[in-house]
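Visitor: This is the content of target_11.pdb (PDB, C-alpha atoms):
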ATOM      1  CA  MET A   1       8.116 -43.191  75.391
ATOM      2  CA  ARG A   2       8.862 -40.867  78.314
ATOM      3  CA  ILE A   3       8.390 -37.107  77.947
ATOM      4  CA  GLY A   4       9.787 -34.751  80.568
ATOM      5  CA  ILE A   5       8.039 -31.449  81.224
ATOM      6  CA  ASP A   6       9.461 -28.531  83.215
ATOM      7  CA  ILE A   7       6.659 -27.798  85.675
ATOM      8  CA  MET A   8       8.303 -24.626  86.983
ATOM      9  CA  GLY A   9       8.843 -22.919  83.601
ATOM     10  CA  GLY A  10       6.527 -20.218  82.282
ATOM     11  CA  ASP A  11       4.644 -17.170  83.492
ATOM     12  CA  PHE A  12       1.799 -19.262  84.911
ATOM     13  CA  ALA A  13       3.829 -22.120  86.391
ATOM     14  CA  PRO A  14       3.313 -24.448  88.085
ATOM     15  CA  GLU A  15      -0.500 -24.242  87.865
ATOM     16  CA  ALA A  16      -0.904 -24.023  84.082
ATOM     17  CA  ILE A  17       1.855 -26.545  83.415
ATOM     18  CA  VAL A  18       0.413 -29.237  85.676
ATOM     19  CA  LEU A  19      -3.092 -28.660  84.287
ATOM     20  CA  GLY A  20      -1.690 -28.895  80.757
ATOM     21  CA  ALA A  21       0.038 -32.154  81.630
ATOM     22  CA  ILE A  22      -3.272 -33.527  82.941
ATOM     23  CA  LEU A  23      -4.947 -32.624  79.630
ATOM     24  CA  ALA A  24      -2.106 -34.196  77.628
ATOM     25  CA  TYR A  25      -2.295 -37.391  79.684
ATOM     26  CA  LYS A  26      -5.911 -37.845  78.591
ATOM     27  CA  ASP A  27      -4.836 -37.688  74.916
ATOM     28  CA  MET A  28      -1.901 -40.083  75.215
ATOM     29  CA  SER A  29      -1.794 -43.871  75.115
ATOM     30  CA  TYR A  30      -0.642 -46.065  77.965
ATOM     31  CA  GLU A  31       2.770 -46.557  76.292
ATOM     32  CA  ASN A  32       3.539 -42.869  76.868
ATOM     33  CA  GLN A  33       4.661 -41.579  80.255
ATOM     34  CA  ILE A  34       4.761 -37.908  81.276
ATOM     35  CA  VAL A  35       7.513 -37.031  83.744
ATOM     36  CA  LEU A  36       6.780 -33.925  85.831
ATOM     37  CA  ILE A  37       9.979 -32.114  86.838
ATOM     38  CA  GLY A  38       9.784 -29.498  89.589
ATOM     39  CA  ASP A  39       8.651 -28.848  93.149
ATOM     40  CA  GLN A  40       7.082 -32.166  94.184
ATOM     41  CA  GLU A  41       4.957 -30.671  96.954
ATOM     42  CA  LYS A  42       3.376 -28.135  94.605
ATOM     43  CA  ILE A  43       2.842 -30.771  91.921
ATOM     44  CA  ASN A  44       1.153 -33.189  94.338
ATOM     45  CA  LYS A  45      -1.045 -30.417  95.693
ATOM     46  CA  ILE A  46      -2.409 -29.506  92.257
ATOM     47  CA  LEU A  47      -2.875 -33.135  91.199
ATOM     48  CA  SER A  48      -4.736 -33.934  94.426
ATOM     49  CA  ARG A  49      -6.922 -30.861  94.109
ATOM     50  CA  GLU A  50      -7.874 -31.924  90.562
ATOM     51  CA  GLY A  51      -8.673 -35.445  91.730
ATOM     52  CA  VAL A  52      -5.893 -36.986  89.631
ATOM     53  CA  ASP A  53      -4.213 -40.241  90.604
ATOM     54  CA  LEU A  54      -0.596 -39.376  91.467
ATOM     55  CA  ASN A  55       0.467 -42.682  89.902
ATOM     56  CA  ASN A  56      -0.528 -41.363  86.463
ATOM     57  CA  PHE A  57       2.730 -39.398  86.374
ATOM     58  CA  ASP A  58       6.364 -39.852  87.306
ATOM     59  CA  ILE A  59       7.566 -36.947  89.426
ATOM     60  CA  VAL A  60      11.196 -35.801  89.674
ATOM     61  CA  HIS A  61      11.759 -33.234  92.402
ATOM     62  CA  ALA A  62      13.751 -30.069  91.703
ATOM     63  CA  SER A  63      14.300 -27.540  94.480
ATOM     64  CA  GLU A  64      15.264 -24.528  92.342
ATOM     65  CA  VAL A  65      13.707 -22.489  89.546
ATOM     66  CA  ILE A  66      15.369 -20.570  86.725
ATOM     67  CA  GLU A  67      13.114 -17.526  86.544
ATOM     68  CA  MET A  68      12.122 -15.886  83.272
ATOM     69  CA  ASN A  69      14.303 -12.826  83.966
ATOM     70  CA  ASP A  70      17.360 -14.767  85.182
ATOM     71  CA  HIS A  71      20.587 -14.590  83.196
ATOM     72  CA  PRO A  72      20.538 -17.837  81.126
ATOM     73  CA  ALA A  73      24.153 -18.962  81.428
ATOM     74  CA  LYS A  74      24.720 -17.823  85.021
ATOM     75  CA  SER A  75      21.485 -19.306  86.317
ATOM     76  CA  PHE A  76      22.023 -22.622  84.519
ATOM     77  CA  SER A  77      25.484 -22.989  86.067
ATOM     78  CA  LYS A  78      24.489 -21.822  89.578
ATOM     79  CA  LYS A  79      21.020 -23.334  89.980
ATOM     80  CA  THR A  80      22.149 -26.907  89.526
ATOM     81  CA  ASP A  81      18.974 -28.350  91.054
ATOM     82  CA  SER A  82      16.630 -26.311  88.875
ATOM     83  CA  SER A  83      13.848 -28.005  86.926
ATOM     84  CA  ILE A  84      15.626 -27.149  83.647
ATOM     85  CA  ASN A  85      18.924 -28.666  84.835
ATOM     86  CA  ARG A  86      17.205 -31.800  86.075
ATOM     87  CA  GLY A  87      15.362 -32.165  82.772
ATOM     88  CA  PHE A  88      18.580 -32.085  80.790
ATOM     89  CA  GLU A  89      20.208 -34.534  83.205
ATOM     90  CA  LEU A  90      17.391 -36.999  82.560
ATOM     91  CA  LEU A  91      17.699 -36.425  78.813
ATOM     92  CA  VAL A  92      21.457 -37.041  78.773
ATOM     93  CA  LYS A  93      20.992 -40.249  80.790
ATOM     94  CA  ASN A  94      18.281 -41.406  78.330
ATOM     95  CA  GLU A  95      15.769 -41.551  81.178
ATOM     96  CA  ILE A  96      13.413 -39.423  79.077
ATOM     97  CA  ASP A  97      13.045 -39.322  75.278
ATOM     98  CA  GLY A  98      12.130 -35.649  75.013
ATOM     99  CA  PHE A  99      12.212 -32.584  77.253
ATOM    100  CA  ALA A 100       9.840 -29.620  76.982
ATOM    101  CA  SER A 101       9.677 -26.294  78.805
ATOM    102  CA  ALA A 102       7.839 -22.982  78.554
ATOM    103  CA  GLY A 103      10.473 -21.435  80.811
ATOM    104  CA  ASN A 104      13.527 -19.263  80.205
ATOM    105  CA  THR A 105      14.328 -19.748  76.490
ATOM    106  CA  GLY A 106      17.932 -18.653  76.897
ATOM    107  CA  ALA A 107      18.487 -21.166  79.700
ATOM    108  CA  MET A 108      16.949 -23.912  77.567
ATOM    109  CA  MET A 109      19.359 -23.052  74.744
ATOM    110  CA  VAL A 110      22.318 -22.955  77.158
ATOM    111  CA  GLY A 111      21.231 -26.284  78.594
ATOM    112  CA  ALA A 112      20.955 -27.837  75.160
ATOM    113  CA  MET A 113      24.357 -26.545  74.048
ATOM    114  CA  TYR A 114      26.176 -27.601  77.233
ATOM    115  CA  THR A 115      24.559 -30.981  77.814
ATOM    116  CA  VAL A 116      23.111 -32.696  74.741
ATOM    117  CA  ARG A 117      25.188 -30.413  72.449
ATOM    118  CA  SER A 118      24.920 -29.593  68.759
ATOM    119  CA  ILE A 119      24.893 -32.345  66.181
ATOM    120  CA  SER A 120      28.303 -32.647  64.556
ATOM    121  CA  GLY A 121      28.332 -30.522  61.415
ATOM    122  CA  VAL A 122      25.512 -28.192  62.480
ATOM    123  CA  ILE A 123      26.884 -24.651  62.725
ATOM    124  CA  ARG A 124      24.011 -23.196  64.742
ATOM    125  CA  PRO A 125      20.886 -24.876  66.104
ATOM    126  CA  VAL A 126      17.642 -23.083  65.282
ATOM    127  CA  ILE A 127      14.016 -22.764  66.338
ATOM    128  CA  THR A 128      10.995 -22.412  64.084
ATOM    129  CA  ALA A 129       7.414 -21.176  64.002
ATOM    130  CA  SER A 130       4.398 -22.459  62.102
ATOM    131  CA  ILE A 131       2.629 -20.151  59.638
ATOM    132  CA  PRO A 132      -0.990 -21.152  58.783
ATOM    133  CA  LYS A 133      -2.359 -20.968  55.259
ATOM    134  CA  PRO A 134      -5.993 -20.610  54.156
ATOM    135  CA  ASP A 135      -6.069 -24.130  52.667
ATOM    136  CA  GLY A 136      -5.386 -25.678  56.076
ATOM    137  CA  SER A 137      -1.702 -26.360  55.475
ATOM    138  CA  HIS A 138       1.226 -24.738  57.282
ATOM    139  CA  SER A 139       4.651 -23.458  56.376
ATOM    140  CA  ILE A 140       7.695 -23.426  58.650
ATOM    141  CA  ILE A 141       9.703 -20.234  59.173
ATOM    142  CA  LEU A 142      13.194 -20.328  60.678
ATOM    143  CA  ASP A 143      15.028 -18.831  62.504
ATOM    144  CA  VAL A 144      12.582 -16.942  64.745
ATOM    145  CA  GLY A 145      14.931 -15.389  67.264
ATOM    146  CA  ILE A 146      17.877 -17.505  68.399
ATOM    147  CA  ASN A 147      20.422 -16.194  65.871
ATOM    148  CA  PRO A 148      19.759 -12.554  64.882
ATOM    149  CA  ASP A 149      22.881 -12.441  62.703
ATOM    150  CA  THR A 150      23.659 -15.295  60.347
ATOM    151  CA  LYS A 151      25.996 -16.091  57.488
ATOM    152  CA  PRO A 152      25.006 -17.622  54.150
ATOM    153  CA  ASP A 153      26.209 -21.123  55.090
ATOM    154  CA  VAL A 154      24.051 -21.003  58.236
ATOM    155  CA  LEU A 155      20.980 -20.074  56.183
ATOM    156  CA  TYR A 156      21.809 -22.975  53.881
ATOM    157  CA  GLN A 157      21.743 -25.334  56.846
ATOM    158  CA  TYR A 158      18.446 -23.832  58.038
ATOM    159  CA  ALA A 159      16.984 -24.961  54.723
ATOM    160  CA  ILE A 160      18.121 -28.531  55.390
ATOM    161  CA  LEU A 161      16.888 -28.543  59.004
ATOM    162  CA  GLY A 162      13.549 -26.930  58.121
ATOM    163  CA  SER A 163      12.987 -29.373  55.262
ATOM    164  CA  MET A 164      13.608 -32.350  57.535
ATOM    165  CA  TYR A 165      11.237 -30.970  60.158
ATOM    166  CA  ALA A 166       8.494 -30.294  57.598
ATOM    167  CA  GLU A 167       8.888 -33.702  55.998
ATOM    168  CA  ASN A 168       9.197 -35.860  59.113
ATOM    169  CA  VAL A 169       6.857 -34.091  61.547
ATOM    170  CA  TYR A 170       4.392 -32.255  59.272
ATOM    171  CA  ASN A 171       4.465 -35.019  56.609
ATOM    172  CA  VAL A 172       5.169 -32.623  53.715
ATOM    173  CA  LYS A 173       6.709 -34.514  50.803
ATOM    174  CA  ASN A 174       9.666 -32.796  49.139
ATOM    175  CA  PRO A 175       8.979 -29.456  50.898
ATOM    176  CA  LYS A 176       9.518 -26.293  48.882
ATOM    177  CA  VAL A 177      12.127 -23.982  50.413
ATOM    178  CA  GLY A 178      12.011 -20.213  49.936
ATOM    179  CA  LEU A 179      14.528 -17.585  51.043
ATOM    180  CA  MET A 180      12.882 -14.554  52.672
ATOM    181  CA  ASN A 181      13.868 -11.445  50.736
ATOM    182  CA  ILE A 182      12.708  -7.997  49.638
ATOM    183  CA  GLY A 183      12.099  -9.134  46.080
ATOM    184  CA  SER A 184      11.670 -12.301  44.056
ATOM    185  CA  GLU A 185      14.547 -11.514  41.687
ATOM    186  CA  GLU A 186      17.817 -13.346  42.311
ATOM    187  CA  GLU A 187      19.853 -10.132  42.531
ATOM    188  CA  LYS A 188      17.649  -8.589  45.268
ATOM    189  CA  GLY A 189      18.568  -8.375  48.938
ATOM    190  CA  ASN A 190      21.542  -7.588  51.127
ATOM    191  CA  LEU A 191      24.962  -9.234  50.911
ATOM    192  CA  VAL A 192      23.938 -12.146  53.114
ATOM    193  CA  THR A 193      20.735 -13.065  51.260
ATOM    194  CA  LYS A 194      22.356 -12.652  47.843
ATOM    195  CA  SER A 195      25.213 -14.930  48.883
ATOM    196  CA  ALA A 196      22.783 -17.407  50.447
ATOM    197  CA  HIS A 197      20.748 -17.484  47.233
ATOM    198  CA  GLU A 198      23.901 -18.275  45.288
ATOM    199  CA  LEU A 199      24.612 -21.227  47.579
ATOM    200  CA  MET A 200      21.036 -22.509  47.620
ATOM    201  CA  LYS A 201      19.961 -22.198  43.993
ATOM    202  CA  ASP A 202      21.686 -25.339  42.685
ATOM    203  CA  SER A 203      21.451 -27.404  45.863
ATOM    204  CA  GLY A 204      20.617 -31.076  45.808
ATOM    205  CA  ASP A 205      20.019 -31.082  49.582
ATOM    206  CA  PHE A 206      16.550 -29.505  49.420
ATOM    207  CA  ASN A 207      13.910 -28.250  46.996
ATOM    208  CA  PHE A 208      14.796 -24.566  46.589
ATOM    209  CA  ILE A 209      12.209 -22.389  44.815
ATOM    210  CA  GLY A 210      14.022 -19.039  45.114
ATOM    211  CA  ASN A 211      13.239 -15.829  46.977
ATOM    212  CA  VAL A 212       9.879 -15.248  48.635
ATOM    213  CA  GLU A 213       8.530 -11.911  49.821
ATOM    214  CA  ALA A 214       6.659 -11.209  53.045
ATOM    215  CA  ASN A 215       3.347 -10.825  51.198
ATOM    216  CA  GLU A 216       3.682 -14.457  50.054
ATOM    217  CA  LEU A 217       3.841 -15.910  53.571
ATOM    218  CA  PHE A 218       0.218 -17.036  53.451
ATOM    219  CA  THR A 219       0.066 -17.916  49.754
ATOM    220  CA  GLU A 220      -1.198 -21.425  49.132
ATOM    221  CA  GLY A 221       1.180 -23.624  47.213
ATOM    222  CA  ARG A 222       4.154 -21.313  47.689
ATOM    223  CA  ALA A 223       6.926 -22.186  50.171
ATOM    224  CA  ASP A 224       6.635 -24.928  52.792
ATOM    225  CA  VAL A 225       9.852 -23.800  54.484
ATOM    226  CA  ILE A 226      10.822 -20.125  54.735
ATOM    227  CA  VAL A 227      14.438 -19.352  55.617
ATOM    228  CA  CYS A 228      15.601 -16.109  57.229
ATOM    229  CA  ASP A 229      17.826 -14.864  60.032
ATOM    230  CA  GLY A 230      16.501 -14.688  63.584
ATOM    231  CA  PHE A 231      16.019 -10.923  63.497
ATOM    232  CA  VAL A 232      13.658 -11.029  60.520
ATOM    233  CA  GLY A 233      11.921 -14.196  61.692
ATOM    234  CA  ASN A 234      11.242 -12.817  65.149
ATOM    235  CA  VAL A 235       9.757  -9.618  63.695
ATOM    236  CA  VAL A 236       7.455 -11.713  61.492
ATOM    237  CA  LEU A 237       6.410 -13.912  64.418
ATOM    238  CA  LYS A 238       5.737 -11.006  66.792
ATOM    239  CA  GLU A 239       3.778  -9.161  64.115
ATOM    240  CA  ALA A 240       1.581 -12.240  63.591
ATOM    241  CA  GLU A 241       0.985 -12.444  67.359
ATOM    242  CA  ALA A 242       0.120  -8.744  67.496
ATOM    243  CA  PHE A 243      -2.267  -9.121  64.565
ATOM    244  CA  TYR A 244      -4.057 -11.996  66.299
ATOM    245  CA  ALA A 245      -4.326 -10.001  69.553
ATOM    246  CA  LEU A 246      -5.820  -7.039  67.676
ATOM    247  CA  TYR A 247      -8.230  -9.336  65.858
ATOM    248  CA  LYS A 248      -9.446 -10.805  69.170
ATOM    249  CA  LYS A 249      -9.702  -7.375  70.772
ATOM    250  CA  ARG A 250     -12.081  -6.317  68.002
ATOM    251  CA  LYS A 251     -14.225  -9.392  68.804
ATOM    252  CA  LEU A 252     -13.932 -10.831  65.318
ATOM    253  CA  TYR A 253     -14.143 -14.509  64.430
ATOM    254  CA  ASP A 254     -12.912 -16.387  61.415
ATOM    255  CA  GLU A 255     -11.827 -20.030  61.326
ATOM    256  CA  PHE A 256      -8.612 -19.244  59.461
ATOM    257  CA  PHE A 257      -7.471 -16.408  61.732
ATOM    258  CA  GLU A 258      -8.066 -18.590  64.784
ATOM    259  CA  LYS A 259      -5.126 -20.666  63.532
ATOM    260  CA  PHE A 260      -2.839 -17.788  64.542
ATOM    261  CA  ASN A 261      -3.521 -18.601  68.193
ATOM    262  CA  PHE A 262      -0.185 -19.829  69.597
ATOM    263  CA  GLU A 263      -2.069 -22.196  71.922
ATOM    264  CA  ASN A 264      -2.663 -24.469  68.944
ATOM    265  CA  TYR A 265       1.040 -25.173  68.454
ATOM    266  CA  GLY A 266       2.392 -25.248  71.984
ATOM    267  CA  GLY A 267       6.091 -25.325  71.219
ATOM    268  CA  THR A 268       8.902 -25.786  68.731
ATOM    269  CA  PRO A 269      11.876 -28.154  68.773
ATOM    270  CA  ILE A 270      15.455 -26.936  68.812
ATOM    271  CA  LEU A 271      16.643 -28.272  65.476
ATOM    272  CA  GLY A 272      20.271 -29.367  65.298
ATOM    273  CA  VAL A 273      20.907 -30.756  68.792
ATOM    274  CA  ASN A 274      21.481 -34.397  69.714
ATOM    275  CA  LYS A 275      18.253 -34.927  71.658
ATOM    276  CA  ASN A 276      14.603 -33.918  71.396
ATOM    277  CA  VAL A 277      14.216 -30.545  73.123
ATOM    278  CA  VAL A 278      11.048 -28.443  72.734
ATOM    279  CA  ILE A 279      10.591 -24.806  73.780
ATOM    280  CA  GLY A 280       7.159 -23.338  74.502
ATOM    281  CA  HIS A 281       5.852 -19.769  74.779
ATOM    282  CA  GLY A 282       6.446 -18.129  78.156
ATOM    283  CA  ILE A 283       2.786 -17.134  78.450
ATOM    284  CA  SER A 284       1.558 -20.683  77.802
ATOM    285  CA  ASN A 285      -1.736 -21.635  79.416
ATOM    286  CA  ASP A 286      -2.922 -25.188  80.028
ATOM    287  CA  ILE A 287      -4.083 -25.676  76.405
ATOM    288  CA  ALA A 288      -0.744 -24.505  75.023
ATOM    289  CA  VAL A 289       1.133 -26.764  77.449
ATOM    290  CA  LYS A 290      -0.978 -29.735  76.429
ATOM    291  CA  ASN A 291      -0.152 -29.090  72.779
ATOM    292  CA  MET A 292       3.538 -28.578  73.615
ATOM    293  CA  ILE A 293       3.653 -32.032  75.208
ATOM    294  CA  LEU A 294       1.760 -33.632  72.329
ATOM    295  CA  HIS A 295       4.077 -31.974  69.803
ATOM    296  CA  THR A 296       7.074 -33.264  71.742
ATOM    297  CA  ARG A 297       5.589 -36.719  71.333
ATOM    298  CA  GLU A 298       5.326 -36.152  67.561
ATOM    299  CA  VAL A 299       8.968 -35.048  67.379
ATOM    300  CA  VAL A 300      10.092 -38.125  69.332
ATOM    301  CA  GLU A 301       7.939 -40.441  67.209
ATOM    302  CA  ALA A 302       9.467 -38.946  64.056
ATOM    303  CA  ASN A 303      12.953 -39.772  65.429
ATOM    304  CA  LEU A 304      13.877 -36.301  64.197
ATOM    305  CA  SER A 305      17.186 -35.734  65.979
ATOM    306  CA  GLU A 306      18.551 -39.103  64.818
ATOM    307  CA  LYS A 307      17.519 -38.402  61.217
ATOM    308  CA  ILE A 308      19.249 -35.020  61.344
ATOM    309  CA  LYS A 309      22.398 -36.683  62.698
ATOM    310  CA  GLU A 310      22.345 -39.090  59.779
ATOM    311  CA  ALA A 311      21.872 -36.250  57.278
ATOM    312  CA  PHE A 312      24.858 -34.323  58.646
ATOM    313  CA  LYS A 313      27.296 -37.236  58.702
TER     314      LYS A 313
END
Could you write out this file's structure as structure tokens?
Guide:
Amino acid sequence: MRIGIDIMGGDFAPEAIVLGAILAYKDMSYENQIVLIGDQEKINKILSREGVDLNNFDIVHASEVIEMNDHPAKSFSKKTDSSINRGFELLVKNEIDGFASAGNTGAMMVGAMYTVRSISGVIRPVITASIPKPDGSHSIILDVGINPDTKPDVLYQYAILGSMYAENVYNVKNPKVGLMNIGSEEEKGNLVTKSAHELMKDSGDFNFIGNVEANELFTEGRADVIVCDGFVGNVVLKEAEAFYALYKKRKLYDEFFEKFNFENYGGTPILGVNKNVVIGHGISNDIAVKNMILHTREVVEANLSEKIKEAFK
């Protein structure tokens, strides 16, 4: 297995990304190869400083960087030798099995749509976030920001994609799918959620349990997959991040609330594209990058994109 990592992506690149790759290398077996994509001189300098054998990694040089504030589509088309472009080139040529970046999310989405492309039948690819529960389990919420406006048939597909992710990567058997709403009753919600509920309630494609409310996000035994549009999902995700930051600022400690630390999860795959693409948080440090790479390995091992292709035939 070969995993490509964008060394130039993220607020603390390339330092944090290279250090994260070094940490991930220590947790991976000899069958796995990490491919560092970016400025070779900077990569070699950090590896040498850390006393790391340069032969531990494959390095693919890229002379340009798509910055975090660059326009996604324009920068992807103009900066053809950027680390993001080179990563997708390797992915298309099957020279890597998965590609991960904590860089410009929009550029990663543009790259995915223009190179590896959406799986036939998938209306809109989606990204997820993991929600911890007190019993140690997690639920998946999607979308968390890519598609702020969605139609009922898109939400229906989110349920399929989220179920496959939960089952194949998180090993949840027959995951329970809930539709995020303002009430548990079937008739509650806006036009989109009411129509989506109508589509989902008799589905044989996933295990639909009905509407779930925001105060049930952390309820044990409730939904394993929570479906919503990207506007709602992003608000939920940012609120969880803000809550964790406030909790740390007050110098509190609790084992459960430590699970809200984004470093633990590293990144999320783009569900619904033809290859394994993982997006990390822009403020990722070395620990988060390590976990992003390890999660990419899990996604590749699960053969997730191929299983989704089969499901949408």
Visitor: Using all atoms listed in the file, pick whichever of A:Leu191, A:Val273, A:Ala13, A:Ile308 has the shortest atom-to-atom distance to Ser163 (chain A).
Guide: A:Ile308
Visitor: Pull out every residue that the PyMOL selection byres ((chain A and resi 121-135) around 6) matches in the shown coordinates and put them as a PDB file with C-alpha atoms, keeping the file's coordinate frame.
Guide:
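result-v7.pdb, written as the output of this step:
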ATOM      1  CA  ILE A 119      24.893 -32.345  66.181  1.00  0.00           C
ATOM      2  CA  SER A 120      28.303 -32.647  64.556  1.00  0.00           C
ATOM      3  CA  GLY A 136      -5.386 -25.678  56.076  1.00  0.00           C
ATOM      4  CA  SER A 137      -1.702 -26.360  55.475  1.00  0.00           C
ATOM      5  CA  HIS A 138       1.226 -24.738  57.282  1.00  0.00           C
ATOM      6  CA  SER A 139       4.651 -23.458  56.376  1.00  0.00           C
ATOM      7  CA  ILE A 140       7.695 -23.426  58.650  1.00  0.00           C
ATOM      8  CA  ILE A 141       9.703 -20.234  59.173  1.00  0.00           C
ATOM      9  CA  LEU A 142      13.194 -20.328  60.678  1.00  0.00           C
ATOM     10  CA  ASP A 143      15.028 -18.831  62.504  1.00  0.00           C
ATOM     11  CA  VAL A 144      12.582 -16.942  64.745  1.00  0.00           C
ATOM     12  CA  PHE A 218       0.218 -17.036  53.451  1.00  0.00           C
ATOM     13  CA  ILE A 270      15.455 -26.936  68.812  1.00  0.00           C
ATOM     14  CA  LEU A 271      16.643 -28.272  65.476  1.00  0.00           C
ATOM     15  CA  GLY A 272      20.271 -29.367  65.298  1.00  0.00           C
ATOM     16  CA  PHE A 312      24.858 -34.323  58.646  1.00  0.00           C
TER      17      PHE A 312
END
Visitor: Under the rule of at most 6 Å, produce a per-residue listing of region 49-163 of chain A near region 229-249 of chain A: chain, number, name, the closest pair of atoms, and the distance in Å, as a Markdown table, using all atoms listed in the file.
Guide:
| residue | atom | partner | partner_atom | distance |
| --- | --- | --- | --- | --- |
| A:Asp143 | CA | A:Gly230 | CA | 4.5 |
| A:Val144 | CA | A:Gly233 | CA | 4.2 |
| A:Gly145 | CA | A:Gly230 | CA | 4.1 |
| A:Ile146 | CA | A:Gly230 | CA | 5.7 |
| A:Asn147 | CA | A:Gly230 | CA | 4.8 |
| A:Pro148 | CA | A:Gly230 | CA | 4.1 |
| A:Thr150 | CA | A:Asp229 | CA | 5.9 |
Visitor: Take CA of Gly20 (chain A) and CA of Met8 (chain A) and report the distance between them in Å, one decimal.
Guide: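 Computing the Euclidean distance for CA of Gly20 (chain A) and CA of Met8 (chain A) yields 12.5 Å.
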Visitor: Hey, what's within 8 Å of Ala102 (chain A) if we count all atoms listed in the file and toss same-chain stuff fewer than 5 positions away? As a ChimeraX atom specification, please?
Guide: /A:6,9-10,267,279-284,289
Visitor: What is the CA of Arg297 (chain A)-CA of Leu36 (chain A) distance in Å, reported with one decimal?
Guide: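 Interatomic distance here is 14.8 Å.
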Visitor: Give the answer as one residue: which of A:Ala196, A:Ile66, A:Ala24, A:Ala159 has the shortest atom-to-atom distance to Thr105 (chain A), using only C-alpha atoms?
Guide: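 Ranked by minimum distance to Thr105 (chain A), first place goes to A:Ile66.
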Visitor: Set up a box along x, y and z of the file covering all listed atoms of region 159-169 of chain A, add 5 Å on every one of the six sides, and write the centre and edge lengths in Å to one decimal, as JSON.
Guide:
{"center_x": 12.5, "center_y": -30.4, "center_z": 58.1, "size_x": 21.3, "size_y": 20.9, "size_z": 16.8}
Visitor: Report as a ChimeraX atom specification the residues that result from applying the PyMOL selection byres ((chain A and resi 292) around 12) to the structure here.
Guide: /A:3-6,17,20-21,23-24,98-102,262-269,277-282,284-291,293-299
Visitor: Keeping only C-alpha atoms, write the selected residues as a CSV table (one decimal), in the frame of the given file.
Guide:
chain,number,residue,atom,x,y,z
A,3,ILE,CA,8.4,-37.1,77.9
A,4,GLY,CA,9.8,-34.8,80.6
A,5,ILE,CA,8.0,-31.4,81.2
A,6,ASP,CA,9.5,-28.5,83.2
A,17,ILE,CA,1.9,-26.5,83.4
A,20,GLY,CA,-1.7,-28.9,80.8
A,21,ALA,CA,0.0,-32.2,81.6
A,23,LEU,CA,-4.9,-32.6,79.6
A,24,ALA,CA,-2.1,-34.2,77.6
A,98,GLY,CA,12.1,-35.6,75.0
A,99,PHE,CA,12.2,-32.6,77.3
A,100,ALA,CA,9.8,-29.6,77.0
A,101,SER,CA,9.7,-26.3,78.8
A,102,ALA,CA,7.8,-23.0,78.6
A,262,PHE,CA,-0.2,-19.8,69.6
A,263,GLU,CA,-2.1,-22.2,71.9
A,264,ASN,CA,-2.7,-24.5,68.9
A,265,TYR,CA,1.0,-25.2,68.5
A,266,GLY,CA,2.4,-25.2,72.0
A,267,GLY,CA,6.1,-25.3,71.2
A,268,THR,CA,8.9,-25.8,68.7
A,269,PRO,CA,11.9,-28.2,68.8
A,277,VAL,CA,14.2,-30.5,73.1
A,278,VAL,CA,11.0,-28.4,72.7
A,279,ILE,CA,10.6,-24.8,73.8
A,280,GLY,CA,7.2,-23.3,74.5
A,281,HIS,CA,5.9,-19.8,74.8
A,282,GLY,CA,6.4,-18.1,78.2
A,284,SER,CA,1.6,-20.7,77.8
A,285,ASN,CA,-1.7,-21.6,79.4
A,286,ASP,CA,-2.9,-25.2,80.0
A,287,ILE,CA,-4.1,-25.7,76.4
A,288,ALA,CA,-0.7,-24.5,75.0
A,289,VAL,CA,1.1,-26.8,77.4
A,290,LYS,CA,-1.0,-29.7,76.4
A,291,ASN,CA,-0.2,-29.1,72.8
A,293,ILE,CA,3.7,-32.0,75.2
A,294,LEU,CA,1.8,-33.6,72.3
A,295,HIS,CA,4.1,-32.0,69.8
A,296,THR,CA,7.1,-33.3,71.7
A,297,ARG,CA,5.6,-36.7,71.3
A,298,GLU,CA,5.3,-36.2,67.6
A,299,VAL,CA,9.0,-35.0,67.4
